[in-house]
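Asker: The following file, input_15.csv, comprises CSV, C-alpha atoms:
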chain,number,residue,atom,x,y,z
T,1,MET,CA,-12.9,216.0,71.4
T,2,VAL,CA,-15.3,217.8,73.7
T,3,ASP,CA,-13.0,220.8,74.0
T,4,LYS,CA,-12.7,220.9,70.2
T,5,LYS,CA,-16.3,220.6,69.2
T,6,ILE,CA,-18.2,222.2,72.0
T,7,ASP,CA,-18.1,225.8,70.8
T,8,LYS,CA,-19.6,225.2,67.4
T,9,LEU,CA,-22.3,222.9,68.8
T,10,HIS,CA,-23.2,225.3,71.5
T,11,ALA,CA,-23.5,228.2,68.9
T,12,THR,CA,-25.7,226.1,66.7
T,13,ALA,CA,-27.9,225.0,69.6
T,14,ILE,CA,-28.3,228.4,71.1
T,15,ARG,CA,-29.2,230.0,67.8
T,16,ILE,CA,-31.8,227.4,67.0
T,17,CYS,CA,-33.3,227.2,70.5
T,18,CYS,CA,-32.7,230.9,71.4
T,19,ASN,CA,-32.1,229.9,75.0
T,20,THR,CA,-28.8,229.6,76.8
T,21,GLU,CA,-29.8,226.9,79.4
T,22,ASP,CA,-31.6,224.7,76.8
T,23,ALA,CA,-28.6,224.9,74.5
T,24,LYS,CA,-26.3,223.8,77.3
T,25,ASP,CA,-28.5,220.8,78.1
T,26,ILE,CA,-28.7,219.9,74.5
T,27,VAL,CA,-24.9,220.0,74.1
T,28,GLN,CA,-24.4,217.9,77.2
T,29,GLU,CA,-27.0,215.3,76.0
T,30,THR,CA,-25.4,215.2,72.6
T,31,PHE,CA,-21.9,214.4,73.9
T,32,VAL,CA,-23.2,211.8,76.2
T,33,LYS,CA,-25.1,210.2,73.3
T,34,VAL,CA,-21.9,210.3,71.1
T,35,TRP,CA,-20.0,208.7,74.0
T,36,GLU,CA,-22.5,205.9,74.1
T,37,LYS,CA,-22.3,205.3,70.4
T,38,ARG,CA,-18.5,205.8,70.1
T,39,SER,CA,-18.0,202.2,69.0
T,40,ILE,CA,-19.8,202.8,65.7
T,41,LEU,CA,-18.2,206.2,65.1
T,42,LYS,CA,-14.7,205.6,63.8
T,43,GLU,CA,-14.0,208.4,61.3
T,44,GLU,CA,-13.8,212.1,62.2
T,45,ALA,CA,-16.2,213.0,59.4
T,46,SER,CA,-18.9,210.7,60.5
T,47,LEU,CA,-18.4,211.9,64.1
T,48,ASP,CA,-19.0,215.6,63.0
T,49,ALA,CA,-22.1,214.6,61.1
T,50,PHE,CA,-23.4,212.6,64.0
T,51,LEU,CA,-22.8,215.4,66.5
T,52,TYR,CA,-24.7,217.9,64.3
T,53,ARG,CA,-27.5,215.4,63.7
T,54,VAL,CA,-28.0,214.7,67.3
T,55,THR,CA,-27.9,218.3,68.2
T,56,VAL,CA,-30.4,219.3,65.5
T,57,ASN,CA,-32.7,216.4,66.5
T,58,LYS,CA,-32.7,217.5,70.1
T,59,CYS,CA,-33.3,221.1,69.1
T,60,TYR,CA,-36.2,219.9,66.9
T,61,ASP,CA,-37.7,217.9,69.8
T,62,LEU,CA,-37.4,220.9,72.2
T,63,LEU,CA,-39.0,223.3,69.8
T,64,ARG,CA,-41.9,220.9,69.2
T,65,LYS,CA,-42.5,220.6,72.9
T,66,ARG,CA,-42.1,224.3,73.5
T,67,LYS,CA,-45.3,226.3,73.4
T,68,ARG,CA,-45.2,228.6,70.5
T,69,ASN,CA,-45.1,232.1,71.6
T,70,SER,CA,-46.7,233.7,68.6
T,71,GLY,CA,-46.4,237.4,68.2
T,72,ASP,CA,-43.3,237.6,70.4
T,73,ASP,CA,-41.9,241.1,69.8
T,74,ALA,CA,-39.4,241.3,72.7
T,75,GLY,CA,-36.5,241.5,70.3
T,76,ILE,CA,-38.0,244.0,67.8
T,77,ASP,CA,-35.8,246.8,69.2
T,78,VAL,CA,-32.6,244.9,68.6
T,79,LEU,CA,-33.8,243.9,65.1
T,80,LYS,CA,-34.4,247.6,64.4
T,81,PHE,CA,-31.0,248.4,65.7
T,82,PHE,CA,-29.4,245.8,63.4
T,83,ALA,CA,-31.4,247.1,60.4
T,84,GLY,CA,-30.3,250.6,61.0
T,85,ASP,CA,-26.9,252.0,60.8
T,86,GLN,CA,-25.7,249.9,63.7
T,87,ASP,CA,-22.8,250.7,66.0
T,88,ALA,CA,-20.5,247.7,65.5
T,89,ASP,CA,-19.0,248.2,69.0
T,90,LYS,CA,-22.3,248.3,70.8
T,91,LYS,CA,-22.4,245.5,73.3
T,92,LEU,CA,-25.5,243.3,73.4
T,93,ASN,CA,-26.0,240.5,75.9
T,94,ASP,CA,-27.0,236.9,74.9
T,95,ASP,CA,-30.6,237.4,76.0
T,96,GLU,CA,-31.0,240.4,73.8
T,97,VAL,CA,-29.6,238.6,70.8
T,98,ASN,CA,-31.7,235.5,71.5
T,99,ALA,CA,-34.8,237.6,71.8
T,100,ALA,CA,-34.1,239.3,68.5
T,101,LEU,CA,-33.5,235.9,66.8
T,102,ASN,CA,-36.6,234.5,68.4
T,103,THR,CA,-38.7,237.4,67.2
T,104,LEU,CA,-37.2,237.2,63.7
T,105,THR,CA,-37.8,233.4,63.3
T,106,ASP,CA,-41.1,233.2,65.2
T,107,LYS,CA,-43.2,233.0,62.0
T,108,LEU,CA,-41.1,230.1,60.6
T,109,SER,CA,-41.8,226.4,60.9
T,110,ILE,CA,-39.3,224.4,63.0
T,111,LYS,CA,-37.7,222.9,59.9
T,112,GLN,CA,-37.4,226.3,58.2
T,113,LYS,CA,-36.0,227.8,61.4
T,114,ILE,CA,-33.3,225.1,61.6
T,115,VAL,CA,-32.4,225.3,58.0
T,116,PHE,CA,-32.4,229.1,58.0
T,117,THR,CA,-30.2,229.3,61.2
T,118,MET,CA,-27.7,226.8,60.0
T,119,VAL,CA,-27.3,228.2,56.5
T,120,GLU,CA,-27.6,232.0,57.1
T,121,LEU,CA,-26.0,232.2,60.6
T,122,GLU,CA,-23.7,229.2,60.8
T,123,ASP,CA,-22.6,229.3,57.2
T,124,LYS,CA,-23.2,225.6,56.7
T,125,SER,CA,-23.5,224.2,53.2
T,126,HIS,CA,-26.7,222.7,51.9
T,127,ASP,CA,-25.1,219.2,52.0
T,128,GLU,CA,-24.1,219.7,55.6
T,129,VAL,CA,-27.6,220.8,56.6
T,130,ALA,CA,-29.1,217.9,54.7
T,131,LEU,CA,-26.9,215.5,56.5
T,132,ALA,CA,-27.7,217.0,59.9
T,133,THR,CA,-31.4,217.3,59.4
T,134,GLY,CA,-32.0,214.1,57.4
T,135,MET,CA,-33.7,216.1,54.7
T,136,SER,CA,-32.9,216.0,51.0
T,137,LYS,CA,-30.9,218.7,49.5
T,138,ASN,CA,-33.8,220.0,47.5
T,139,SER,CA,-35.9,220.1,50.6
T,140,VAL,CA,-33.3,222.1,52.3
T,141,LYS,CA,-33.2,224.6,49.4
T,142,SER,CA,-37.0,224.8,49.4
T,143,ASN,CA,-37.2,225.4,53.2
T,144,LEU,CA,-34.5,228.0,52.9
T,145,ARG,CA,-36.3,229.8,50.1
T,146,HIS,CA,-39.6,229.9,52.0
T,147,ALA,CA,-37.9,231.0,55.2
T,148,ARG,CA,-36.1,233.9,53.4
T,149,LYS,CA,-39.3,235.0,51.8
T,150,LYS,CA,-41.1,235.1,55.2
T,151,MET,CA,-38.2,236.9,56.8
T,152,GLU,CA,-38.1,239.5,54.1
T,153,ASN,CA,-41.8,240.1,54.5
T,154,PHE,CA,-41.4,240.3,58.2
T,155,ALA,CA,-38.5,242.8,58.0
T,156,GLU,CA,-40.4,245.0,55.5
T,157,GLU,CA,-43.6,244.9,57.6
T,158,TYR,CA,-42.4,245.3,61.2
T,159,ILE,CA,-38.9,246.9,61.1
T,160,LYS,CA,-39.1,250.5,60.0
E,1,MET,CA,-28.3,246.5,51.4
E,2,ARG,CA,-31.7,245.1,52.3
E,3,LYS,CA,-33.0,245.1,55.9
E,4,LEU,CA,-32.9,241.4,56.2
E,5,ASP,CA,-29.3,241.1,55.1
E,6,LYS,CA,-28.3,243.8,57.6
E,7,ILE,CA,-30.1,242.0,60.4
E,8,LEU,CA,-28.5,238.7,59.5
E,9,GLU,CA,-25.1,240.3,59.4
E,10,GLY,CA,-25.7,241.8,62.8
E,11,LEU,CA,-26.8,238.5,64.3
E,12,LYS,CA,-23.9,236.7,62.7
E,13,TYR,CA,-21.4,239.2,64.0
E,14,ARG,CA,-22.6,238.9,67.5
E,15,LYS,CA,-21.8,235.3,68.4
E,16,PRO,CA,-23.3,234.1,71.7
E,17,ASP,CA,-21.1,234.2,74.7
E,18,PHE,CA,-20.3,230.8,76.1
E,19,LYS,CA,-20.6,231.4,79.8
E,20,GLY,CA,-19.8,228.4,82.0
E,21,ARG,CA,-17.9,226.6,79.2
E,22,GLU,CA,-15.5,224.8,81.6
E,23,LYS,CA,-18.3,223.9,83.9
E,24,LEU,CA,-20.3,222.4,81.0
E,25,ILE,CA,-17.2,220.4,79.9
E,26,ASP,CA,-16.8,219.0,83.4
E,27,SER,CA,-20.4,218.0,83.6
E,28,ILE,CA,-20.1,216.3,80.2
E,29,MET,CA,-17.0,214.4,81.4
E,30,ASP,CA,-18.8,213.4,84.6
E,31,ALA,CA,-21.9,212.2,82.7
E,32,THR,CA,-19.8,210.1,80.3
E,33,ALA,CA,-17.8,208.6,83.2
E,34,ASP,CA,-21.1,207.7,84.9
E,35,LYS,CA,-22.2,206.0,81.7
E,36,GLU,CA,-19.0,204.1,81.5
E,37,PHE,CA,-19.8,202.3,84.7
E,38,THR,CA,-23.5,201.9,84.1
E,39,GLY,CA,-24.4,198.2,83.7
E,40,SER,CA,-27.1,198.9,81.2
E,41,TRP,CA,-24.6,200.3,78.7
E,42,GLN,CA,-22.7,197.0,78.9
E,43,ILE,CA,-25.9,194.9,78.6
E,44,TYR,CA,-27.1,196.6,75.5
E,45,ARG,CA,-23.8,197.2,73.8
E,46,TRP,CA,-24.5,194.5,71.2
E,47,THR,CA,-27.3,196.7,69.9
E,48,ASP,CA,-24.6,199.0,68.4
E,49,ILE,CA,-23.4,196.1,66.1
E,50,THR,CA,-25.3,196.7,62.9
E,51,TRP,CA,-24.8,193.3,61.3
E,52,LEU,CA,-25.9,191.5,64.5
E,53,ARG,CA,-29.0,193.7,64.8
E,54,ARG,CA,-29.9,193.0,61.1
E,55,SER,CA,-29.3,189.3,61.3
E,56,LEU,CA,-31.5,189.0,64.4
E,57,SER,CA,-34.3,190.9,62.7
E,58,ILE,CA,-34.0,188.6,59.7
E,59,ALA,CA,-33.9,185.5,62.0
E,60,SER,CA,-37.0,186.7,63.8
E,61,VAL,CA,-38.9,187.1,60.5
E,62,ILE,CA,-37.7,183.6,59.4
E,63,ILE,CA,-38.8,182.1,62.7
E,64,VAL,CA,-42.3,183.6,62.4
E,65,ILE,CA,-42.6,182.3,58.8
E,66,LEU,CA,-41.5,178.8,59.9
E,67,PHE,CA,-43.9,178.9,62.7
E,68,ALA,CA,-46.8,179.8,60.4
E,69,GLY,CA,-45.7,177.1,57.9
E,70,GLN,CA,-45.5,174.5,60.7
E,71,GLN,CA,-49.0,175.4,62.0
E,72,PHE,CA,-50.4,175.1,58.5
E,73,ILE,CA,-48.8,171.6,58.0
E,74,VAL,CA,-50.0,170.4,61.4
E,75,LEU,CA,-53.6,171.6,60.8
E,76,LYS,CA,-53.6,169.9,57.4
E,77,ARG,CA,-52.4,166.6,58.8
E,78,VAL,CA,-54.9,166.7,61.7
E,79,ASN,CA,-57.7,167.2,59.1
E,80,GLN,CA,-56.4,164.3,57.1
E,81,LEU,CA,-56.2,162.1,60.2
E,82,GLU,CA,-59.7,162.9,61.2
E,83,SER,CA,-61.1,162.0,57.8
E,84,ARG,CA,-59.1,158.8,57.8
E,85,ILE,CA,-60.4,157.8,61.3
E,86,MET,CA,-63.9,158.5,60.1
E,87,ASN,CA,-63.5,156.4,57.0
E,88,VAL,CA,-62.0,153.5,59.0
E,89,SER,CA,-64.6,153.6,61.6
E,90,THR,CA,-67.4,153.7,59.0
E,91,ASP,CA,-65.8,150.7,57.1
E,92,GLU,CA,-65.6,148.8,60.3
E,93,ILE,CA,-69.2,149.4,61.3
E,94,LEU,CA,-70.4,148.4,57.8
E,95,GLU,CA,-68.3,145.2,57.9
E,96,GLN,CA,-69.6,144.3,61.4
E,97,GLN,CA,-73.1,144.9,60.2
E,98,ARG,CA,-72.6,142.8,57.1
E,99,LYS,CA,-71.2,139.9,59.3
E,100,ASN,CA,-74.2,140.2,61.6
E,101,VAL,CA,-76.6,140.1,58.7
E,102,ILE,CA,-74.9,137.0,57.3
E,103,ALA,CA,-74.8,135.4,60.8
E,104,ASN,CA,-78.5,136.1,61.3
E,105,SER,CA,-79.4,134.8,57.9
E,106,LEU,CA,-77.4,131.7,58.5
E,107,VAL,CA,-79.0,131.1,61.9
E,108,ILE,CA,-82.4,131.6,60.5
E,109,GLU,CA,-81.6,129.3,57.5
E,110,ASP,CA,-80.0,126.6,59.7
E,111,ASN,CA,-82.8,126.6,62.2
E,112,GLU,CA,-85.4,126.7,59.5
E,113,LEU,CA,-87.5,128.7,61.8
E,114,SER,CA,-88.6,131.2,59.3
E,115,LEU,CA,-89.5,133.7,62.0
E,116,ASN,CA,-91.0,137.0,61.0
E,117,ASP,CA,-89.1,140.0,62.2
E,118,ASP,CA,-92.0,141.5,64.0
E,119,SER,CA,-93.3,138.2,65.6
E,120,ILE,CA,-90.6,137.5,68.1
E,121,TYR,CA,-87.6,139.3,69.7
E,122,VAL,CA,-84.8,137.1,70.8
E,123,ALA,CA,-81.3,138.1,71.8
E,124,LYS,CA,-78.8,137.2,69.1
E,125,GLU,CA,-76.6,135.2,71.5
E,126,ASP,CA,-79.6,133.2,72.7
E,127,LEU,CA,-80.6,132.5,69.2
E,128,MET,CA,-77.1,131.3,68.3
E,129,LYS,CA,-77.0,129.1,71.4
E,130,PHE,CA,-80.4,127.8,70.5
E,131,ALA,CA,-79.2,127.1,67.0
E,132,ARG,CA,-76.0,125.3,68.2
E,133,ASP,CA,-78.0,123.2,70.6
E,134,TYR,CA,-80.5,122.4,67.9
E,135,ARG,CA,-77.7,121.5,65.5
E,136,GLU,CA,-76.1,119.3,68.2
E,137,LEU,CA,-79.4,117.6,69.0
E,138,ARG,CA,-80.2,117.1,65.3
E,139,LYS,CA,-76.7,115.5,64.8
E,140,LYS,CA,-77.2,113.2,67.7
E,141,TYR,CA,-80.6,112.3,66.4
E,142,GLU,CA,-79.3,111.6,63.0
E,143,ASP,CA,-76.5,109.5,64.5
E,144,LEU,CA,-79.0,107.6,66.5
E,145,ILE,CA,-81.2,107.0,63.5
E,146,ARG,CA,-78.1,105.9,61.5
E,147,SER,CA,-77.0,103.6,64.3
E,148,GLY,CA,-80.5,102.2,64.6
E,149,ASN,CA,-80.7,101.6,60.9
E,150,SER,CA,-77.4,99.8,60.8
E,151,GLY,CA,-78.5,97.6,63.9
E,152,SER,CA,-81.7,96.5,62.2
E,153,ARG,CA,-79.8,95.6,59.1
E,154,VAL,CA,-77.4,93.4,61.1
E,155,GLN,CA,-80.5,91.9,62.7
E,156,LYS,CA,-81.9,91.3,59.3
E,157,LYS,CA,-78.7,89.8,58.1
E,158,LYS,CA,-78.4,87.6,61.2
E,159,SER,CA,-81.9,86.3,61.3
E,160,PRO,CA,-81.6,84.2,58.1
E,161,ASP,CA,-78.4,82.7,59.7
E,162,VAL,CA,-80.5,81.7,62.7
E,163,ASN,CA,-83.0,80.2,60.5
E,164,ASP,CA,-80.2,78.4,58.7
E,165,GLU,CA,-78.9,77.0,61.9
E,166,GLN,CA,-82.4,76.0,62.8
E,167,LYS,CA,-82.6,74.4,59.4
E,168,LEU,CA,-79.4,72.6,60.0
Output the file's structure in the form of structure tokens.
Answerer:
Amino acid sequence: MVDKKIDKLHATAIRICCNTEDAKDIVQETFVKVWEKRSILKEEASLDAFLYRVTVNKCYDLLRKRKRNSGDDAGIDVLKFFAGDQDADKKLNDDEVNAALNTLTDKLSIKQKIVFTMVELEDKSHDEVALATGMSKNSVKSNLRHARKKMENFAEEYIK
Amino acid sequence: MRKLDKILEGLKYRKPDFKGREKLIDSIMDATADKEFTGSWQIYRWTDITWLRRSLSIASVIIVILFAGQQFIVLKRVNQLESRIMNVSTDEILEQQRKNVIANSLVIEDNELSLNDDSIYVAKEDLMKFARDYRELRKKYEDLIRSGNSGSRVQKKKSPDVNDEQKL
């Protein structure tokens, strides 16, 4: 089960937290928690939902504790690279991609960041995001709309 | 294509490398194995049973309600008991006082002393004893008088007989 689910969970965690080590800790804690609660998780579907829910909750807690680094523009160059006529084969390391994502989502609230990352980068449906975050579907849509608006403003203003 | 869409496409295309994947899996397996043998997991395992958790919550609420109800009933009964004790004691005191008044009035009537309240202070027991003694003495006196009267009558009856004998 760990081998099957770990990649997706790790990708989600690293994109929300924008930090490799934090993402690994979150994934490990998630699986341990699922192991503790395995008696109440019988179906595969509920297991998946529970995994994402725990991961998202842990990411949320981490982002709340983390001091907001407002005005972080470490990843602006990477974002400019993405916005331009990018070279698809150009190799970028995780830190560069994380920095770019962090810069892009810096202006978003934690909820908006989670919803935006899951829908736009992880291709999750609104229902799946609602289940993972505990929000209503309308709330997910609303957060996504606001997030997209902020992102577009940011892209127009800072990435030229 | 707008800038944001291009950026998102670029970010989506470059999925994060998962360095140390096997190491992470091993550490997860170790952590879960440790949890398996941890006593605390066994102790609190029942908390995973939803119906048990719910029924215990309901039971605790019921116990609190019962306790509050019981306290209310106990307080009400204690109050009733207090008022009853007060009534009984008041009745008893009044009854005793009534008896005392009757006894005193009887003593005073019997003794025909017609004492004023403020003229003399005598203990009730002494007065009763005095009244009893007086009554006893009076009875003896009356008996004596009665016996004296009957004796003189016999004498009166006998004396004519003596005279008759003398006459004879």
Asker: Using only C-alpha atoms, select each residue of chain T with any atom at most 8 Å away from an atom of chain E, and give the selection as a VMD selection string.
Answerer: chain T and resid 2 to 3 7 10 to 11 14 24 28 31 to 32 35 to 37 39 to 40 79 82 to 84 92 94 97 101 120 to 122 151 to 152 155 to 156
Asker: Between CA of Arg53 (chain T) and CA of Thr133 (chain T), what is the distance, to one decimal in Å?
Answerer: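 Interatomic distance here is 6.1 Å.
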Asker: Check the smallest atom-to-atom distance from each of T:Ala132, T:Ala147, T:Lys4, T:Cys18 to Ser46 (chain T) using all atoms listed in the file, then report the winner.
Answerer: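 Smallest distance to Ser46 (chain T) is found for T:Ala132.
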Asker: Just to confirm, what's the straight-line distance from CA of Asp95 (chain T) to CA of Ser109 (chain T) in Å (one decimal)?
Answerer: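 Value for the CA of Asp95 (chain T)-CA of Ser109 (chain T) distance: 21.8 Å.
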Asker: Have a look at CA of Arg77 (chain E) and CA of Asp91 (chain E) and let me know their distance in Å, one decimal.
Answerer: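 So the two atoms, CA of Arg77 (chain E) and CA of Asp91 (chain E), lie 20.9 Å apart.
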Asker: Extract, using all atoms listed in the file, all DNA, RNA and protein residues at most 8 Å from Ile16 (chain T), discarding same-chain residues fewer than 6 positions from it, and format them as a ChimeraX atom specification.
Answerer: /T:59,113-114,117
